[in-house]
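Participant: Got a structure for you, questions after.
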Amino acid sequence: MPDKQHTIVESPYGPLTLVATDGVLSGLYMTAQRHRPPEVTFGVPDASPFGETVRQLEAYFEGGLKEFTLPMRLAGTEFQRSVWEQLQLIPYGETRTYGELAEALGKPGASRAVGLANGKNPIGIIVPCHRVIGSTGSLTGYGG
């Protein structure tokens, strides 16, 4: 069974729960996040695996960091992981629509599936699900 730890850090968006699996970042959740897993799955309280994550988050929130360089363990289906990989390709300050992401995946009819995968992103902010918008330019279905 994997070794899990978690800690809670403050941010401009409220408390963030960071989760590590075997010492690698595997979760970043807002308090009222739509698909937040049960807290019993977060492991023991232990801030030791999160020093670099906290440093990069602070730099990002201060406007000095545009791209995260952290090892991550993204647990999900093959399709979900492919969507999360596409999210990481969206440059800072830019957005993409669900349809554009579906096209980039070679699945032009999969906008809704992309939206569902986007909503289940386990490492919010760092894997920038917040950069995806609906075709009308709105934050359609945003869960954070």
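Chain labels A, B, ... are given in the sequence in which chains occur in the structure tokens; within each chain residues are numbered consecutively from 1, and ligands are likewise numbered from 1 in the order shown.
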I need the strand (DSSP E or B) residues of stretch 17-132 of chain A per DSSP on the backbone, written as number ranges by chain.
Facilitator: A: 17-21, 24-30, 44-45, 72, 96-97, 123, 132
Participant: Go ahead and dump the residues you just picked, N, CA and C atoms, as a short mmCIF file (atom, residue, chain, number, x, y, z; two decimals), in the first residue's frame.
Facilitator:
data_model
loop_
_atom_site.label_atom_id
_atom_site.label_comp_id
_atom_site.auth_asym_id
_atom_site.auth_seq_id
_atom_site.Cartn_x
_atom_site.Cartn_y
_atom_site.Cartn_z
N THR A 17 -5.07 21.80 0.39
CA THR A 17 -4.57 20.54 0.93
C THR A 17 -3.65 19.92 -0.11
N LEU A 18 -2.40 19.70 0.29
CA LEU A 18 -1.42 19.04 -0.56
C LEU A 18 -1.32 17.59 -0.11
N VAL A 19 -1.28 16.66 -1.07
CA VAL A 19 -1.18 15.24 -0.77
C VAL A 19 0.01 14.67 -1.53
N ALA A 20 0.78 13.83 -0.87
CA ALA A 20 1.90 13.13 -1.52
C ALA A 20 1.68 11.63 -1.39
N THR A 21 2.04 10.93 -2.44
CA THR A 21 2.03 9.47 -2.45
C THR A 21 3.46 9.02 -2.65
N VAL A 24 5.78 11.88 -3.51
CA VAL A 24 5.59 12.64 -4.75
C VAL A 24 4.21 13.28 -4.73
N LEU A 25 4.13 14.54 -5.12
CA LEU A 25 2.87 15.27 -5.12
C LEU A 25 1.82 14.51 -5.95
N SER A 26 0.68 14.22 -5.32
CA SER A 26 -0.39 13.49 -6.01
C SER A 26 -1.74 14.18 -5.86
N GLY A 27 -1.80 15.26 -5.08
CA GLY A 27 -3.06 15.97 -4.92
C GLY A 27 -2.85 17.39 -4.45
N LEU A 28 -3.70 18.28 -4.94
CA LEU A 28 -3.77 19.66 -4.47
C LEU A 28 -5.24 20.03 -4.58
N TYR A 29 -5.88 20.20 -3.42
CA TYR A 29 -7.33 20.38 -3.38
C TYR A 29 -7.72 21.63 -2.61
N MET A 30 -8.70 22.35 -3.17
CA MET A 30 -9.31 23.47 -2.46
C MET A 30 -10.36 22.92 -1.51
N VAL A 44 -1.30 10.58 6.49
CA VAL A 44 -0.95 11.21 7.76
C VAL A 44 -0.53 12.67 7.56
N PRO A 45 -0.79 13.51 8.55
CA PRO A 45 -0.29 14.89 8.46
C PRO A 45 1.24 14.91 8.55
N MET A 72 5.23 14.85 -10.27
CA MET A 72 3.84 14.63 -9.87
C MET A 72 3.44 13.20 -10.20
N ARG A 96 -7.78 27.77 -23.22
CA ARG A 96 -8.22 26.90 -24.31
C ARG A 96 -9.66 26.51 -23.99
N THR A 97 -10.41 26.18 -25.03
CA THR A 97 -11.76 25.67 -24.82
C THR A 97 -11.70 24.15 -24.69
N ILE A 123 -4.57 17.64 -9.24
CA ILE A 123 -3.54 18.59 -8.81
C ILE A 123 -3.88 19.96 -9.40
N VAL A 132 -9.11 26.44 -18.75
CA VAL A 132 -10.03 25.89 -19.73
C VAL A 132 -11.39 26.56 -19.58
#
Participant: As a list in words, please: the residues near stretch 48-59 of chain A (cut-off 9 Å, only C-alpha atoms, same-chain neighbours under 3 positions excluded).
Facilitator: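 Residues near the query, excluding close chain neighbours: Gln5, His6, Thr7, Val9, Ser11, Leu18, Val19, Ala20, Gly23, Val24, Leu25, Glu62, Gly63, Gly64, Leu65, Lys66, Glu67, Phe68, Thr69, Leu70, Ile125 and Ile126 of chain A.
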Participant: For a test of reading the model, state the distance in Å between atom CA of A:Val83 and atom CA of A:Pro71, rounded to one decimal.
Facilitator: 17.5 Å
Participant: To test your reading of the structure, identify every residue in stretch 71-144 of chain A that backbone DSSP assigns to helix (DSSP H, G or I), and report it as a list in words.
Facilitator: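 Taking stretch 71-144 of chain A and keeping helix (DSSP H, G or I) only, one gets Glu78, Phe79, Gln80, Arg81, Ser82, Val83, Trp84, Glu85, Gln86, Leu87, Tyr98, Gly99, Glu100, Leu101, Ala102, Glu103, Ala104, Ser111, Arg112, Ala113, Val114, Gly115, Leu116, Ala117, Asn118, Gly119, Cys129, His130 and Arg131 of chain A.
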Participant: From the list A:Arg131, A:Lys4, A:Asp22, A:Leu16, which residue is nearest A:Trp84 when using only C-alpha atoms?
Facilitator: A:Arg131
Participant: Give me, please, the distance in Å between atom CA of A:Tyr98 and atom CA of A:Arg112, quoted to one decimal.
Facilitator: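 One can read the atom CA of A:Tyr98 to atom CA of A:Arg112 distance as 7.5 Å.
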Participant: Please compute the atom CA of A:Leu74-atom CA of A:Arg36 distance, one decimal, in Å.
Facilitator: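 Atom-to-atom, atom CA of A:Leu74 to atom CA of A:Arg36, that is 14.4 Å.
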Participant: Of the residues A:Leu116, A:Ala32, A:Cys129, A:Leu87, which is the one nearest to A:Tyr13, using only C-alpha atoms?
Facilitator: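 Smallest separation from A:Tyr13 among the options: A:Ala32.
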Participant: Counting only C-alpha atoms, what is within 12 Å of A:Ala113, bar same-chain residues fewer than 4 positions away, as an NGL selection string?
Facilitator: :A and (77 or 79-80 or 82-83 or 98-99 or 101-102 or 105 or 107-109 or 117-120)
Participant: Take the residues from that selection and write them out as a short mmCIF file (atom, residue, chain, number, x, y, z; two decimals), in the first residue's frame, keeping all heavy atoms.
Facilitator:
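File written: selection-v4.cif
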data_model
loop_
_atom_site.label_atom_id
_atom_site.label_comp_id
_atom_site.auth_asym_id
_atom_site.auth_seq_id
_atom_site.Cartn_x
_atom_site.Cartn_y
_atom_site.Cartn_z
N THR A 77 -7.50 7.57 -15.31
CA THR A 77 -7.56 6.72 -16.50
C THR A 77 -6.58 7.25 -17.54
O THR A 77 -6.08 8.38 -17.44
CB THR A 77 -8.98 6.72 -17.10
OG1 THR A 77 -9.25 8.03 -17.62
CG2 THR A 77 -10.03 6.32 -16.07
N PHE A 79 -7.28 8.23 -20.52
CA PHE A 79 -7.86 9.43 -21.12
C PHE A 79 -7.70 10.63 -20.20
O PHE A 79 -7.31 11.72 -20.65
CB PHE A 79 -9.34 9.21 -21.46
CG PHE A 79 -9.97 10.42 -22.09
CD1 PHE A 79 -9.74 10.74 -23.42
CD2 PHE A 79 -10.80 11.25 -21.34
CE1 PHE A 79 -10.31 11.87 -24.00
CE2 PHE A 79 -11.38 12.38 -21.91
CZ PHE A 79 -11.13 12.68 -23.25
N GLN A 80 -8.00 10.46 -18.91
CA GLN A 80 -7.84 11.58 -17.98
C GLN A 80 -6.40 12.09 -17.97
O GLN A 80 -6.16 13.29 -18.05
CB GLN A 80 -8.25 11.15 -16.56
CG GLN A 80 -9.73 10.99 -16.37
CD GLN A 80 -10.07 10.38 -15.03
OE1 GLN A 80 -9.31 9.58 -14.47
NE2 GLN A 80 -11.23 10.75 -14.50
N SER A 82 -4.24 11.90 -20.31
CA SER A 82 -3.94 12.60 -21.57
C SER A 82 -4.50 14.03 -21.54
O SER A 82 -3.87 14.96 -22.05
CB SER A 82 -4.46 11.82 -22.78
OG SER A 82 -5.88 11.82 -22.84
N VAL A 83 -5.68 14.21 -20.95
CA VAL A 83 -6.25 15.56 -20.81
C VAL A 83 -5.35 16.38 -19.88
O VAL A 83 -5.02 17.54 -20.19
CB VAL A 83 -7.70 15.51 -20.28
CG1 VAL A 83 -8.20 16.90 -19.91
CG2 VAL A 83 -8.62 14.86 -21.31
N TYR A 98 -12.78 23.59 -24.16
CA TYR A 98 -12.87 22.14 -24.08
C TYR A 98 -12.77 21.54 -25.47
O TYR A 98 -12.12 20.51 -25.67
CB TYR A 98 -14.19 21.73 -23.41
CG TYR A 98 -14.28 22.19 -21.97
CD1 TYR A 98 -15.04 23.29 -21.63
CD2 TYR A 98 -13.59 21.52 -20.97
CE1 TYR A 98 -15.13 23.73 -20.31
CE2 TYR A 98 -13.67 21.95 -19.65
CZ TYR A 98 -14.43 23.05 -19.33
OH TYR A 98 -14.49 23.47 -18.03
N GLY A 99 -13.39 22.19 -26.45
CA GLY A 99 -13.33 21.72 -27.83
C GLY A 99 -11.92 21.73 -28.39
O GLY A 99 -11.51 20.80 -29.09
N LEU A 101 -9.17 21.44 -26.67
CA LEU A 101 -8.43 20.34 -26.05
C LEU A 101 -8.81 19.01 -26.68
O LEU A 101 -7.95 18.15 -26.93
CB LEU A 101 -8.68 20.29 -24.54
CG LEU A 101 -8.00 21.37 -23.71
CD1 LEU A 101 -8.38 21.24 -22.24
CD2 LEU A 101 -6.50 21.32 -23.86
N ALA A 102 -10.10 18.80 -26.95
CA ALA A 102 -10.55 17.57 -27.60
C ALA A 102 -9.88 17.42 -28.97
O ALA A 102 -9.42 16.33 -29.33
CB ALA A 102 -12.07 17.57 -27.72
N LEU A 105 -6.34 16.35 -28.72
CA LEU A 105 -6.24 14.93 -28.37
C LEU A 105 -6.61 14.02 -29.54
O LEU A 105 -6.56 12.79 -29.41
CB LEU A 105 -7.13 14.62 -27.18
CG LEU A 105 -6.70 15.22 -25.85
CD1 LEU A 105 -7.83 15.13 -24.83
CD2 LEU A 105 -5.45 14.52 -25.34
N LYS A 107 -9.65 13.82 -30.71
CA LYS A 107 -10.99 13.35 -30.41
C LYS A 107 -11.95 14.55 -30.46
O LYS A 107 -12.46 14.99 -29.44
CB LYS A 107 -11.03 12.69 -29.04
CG LYS A 107 -10.11 11.47 -28.93
CD LYS A 107 -10.17 10.87 -27.55
CE LYS A 107 -9.21 9.73 -27.39
NZ LYS A 107 -9.51 8.57 -28.15
N PRO A 108 -12.22 15.07 -31.67
CA PRO A 108 -12.98 16.31 -31.78
C PRO A 108 -14.39 16.27 -31.20
O PRO A 108 -14.94 17.30 -30.85
CB PRO A 108 -13.02 16.57 -33.29
CG PRO A 108 -12.69 15.27 -33.93
CD PRO A 108 -11.84 14.52 -32.96
N GLY A 109 -14.97 15.11 -31.02
CA GLY A 109 -16.31 15.02 -30.44
C GLY A 109 -16.32 14.80 -28.95
O GLY A 109 -17.36 14.53 -28.36
N ALA A 117 -12.96 15.06 -17.39
CA ALA A 117 -11.58 14.78 -16.97
C ALA A 117 -10.95 16.02 -16.35
O ALA A 117 -10.25 15.93 -15.33
CB ALA A 117 -10.75 14.31 -18.17
N ASN A 118 -11.21 17.18 -16.94
CA ASN A 118 -10.69 18.43 -16.40
C ASN A 118 -11.17 18.64 -14.97
O ASN A 118 -10.41 19.02 -14.08
CB ASN A 118 -11.14 19.59 -17.30
CG ASN A 118 -10.45 20.89 -16.97
OD1 ASN A 118 -9.24 20.94 -16.85
ND2 ASN A 118 -11.24 21.94 -16.83
N GLY A 119 -12.45 18.36 -14.73
CA GLY A 119 -13.02 18.53 -13.39
C GLY A 119 -12.46 17.58 -12.36
O GLY A 119 -12.51 17.85 -11.17
N LYS A 120 -11.91 16.46 -12.80
CA LYS A 120 -11.34 15.48 -11.87
C LYS A 120 -9.83 15.60 -11.73
O LYS A 120 -9.19 14.73 -11.14
CB LYS A 120 -11.74 14.08 -12.30
CG LYS A 120 -13.25 13.89 -12.17
CD LYS A 120 -13.61 12.46 -12.04
CE LYS A 120 -15.11 12.39 -11.75
NZ LYS A 120 -15.57 11.06 -11.58
#
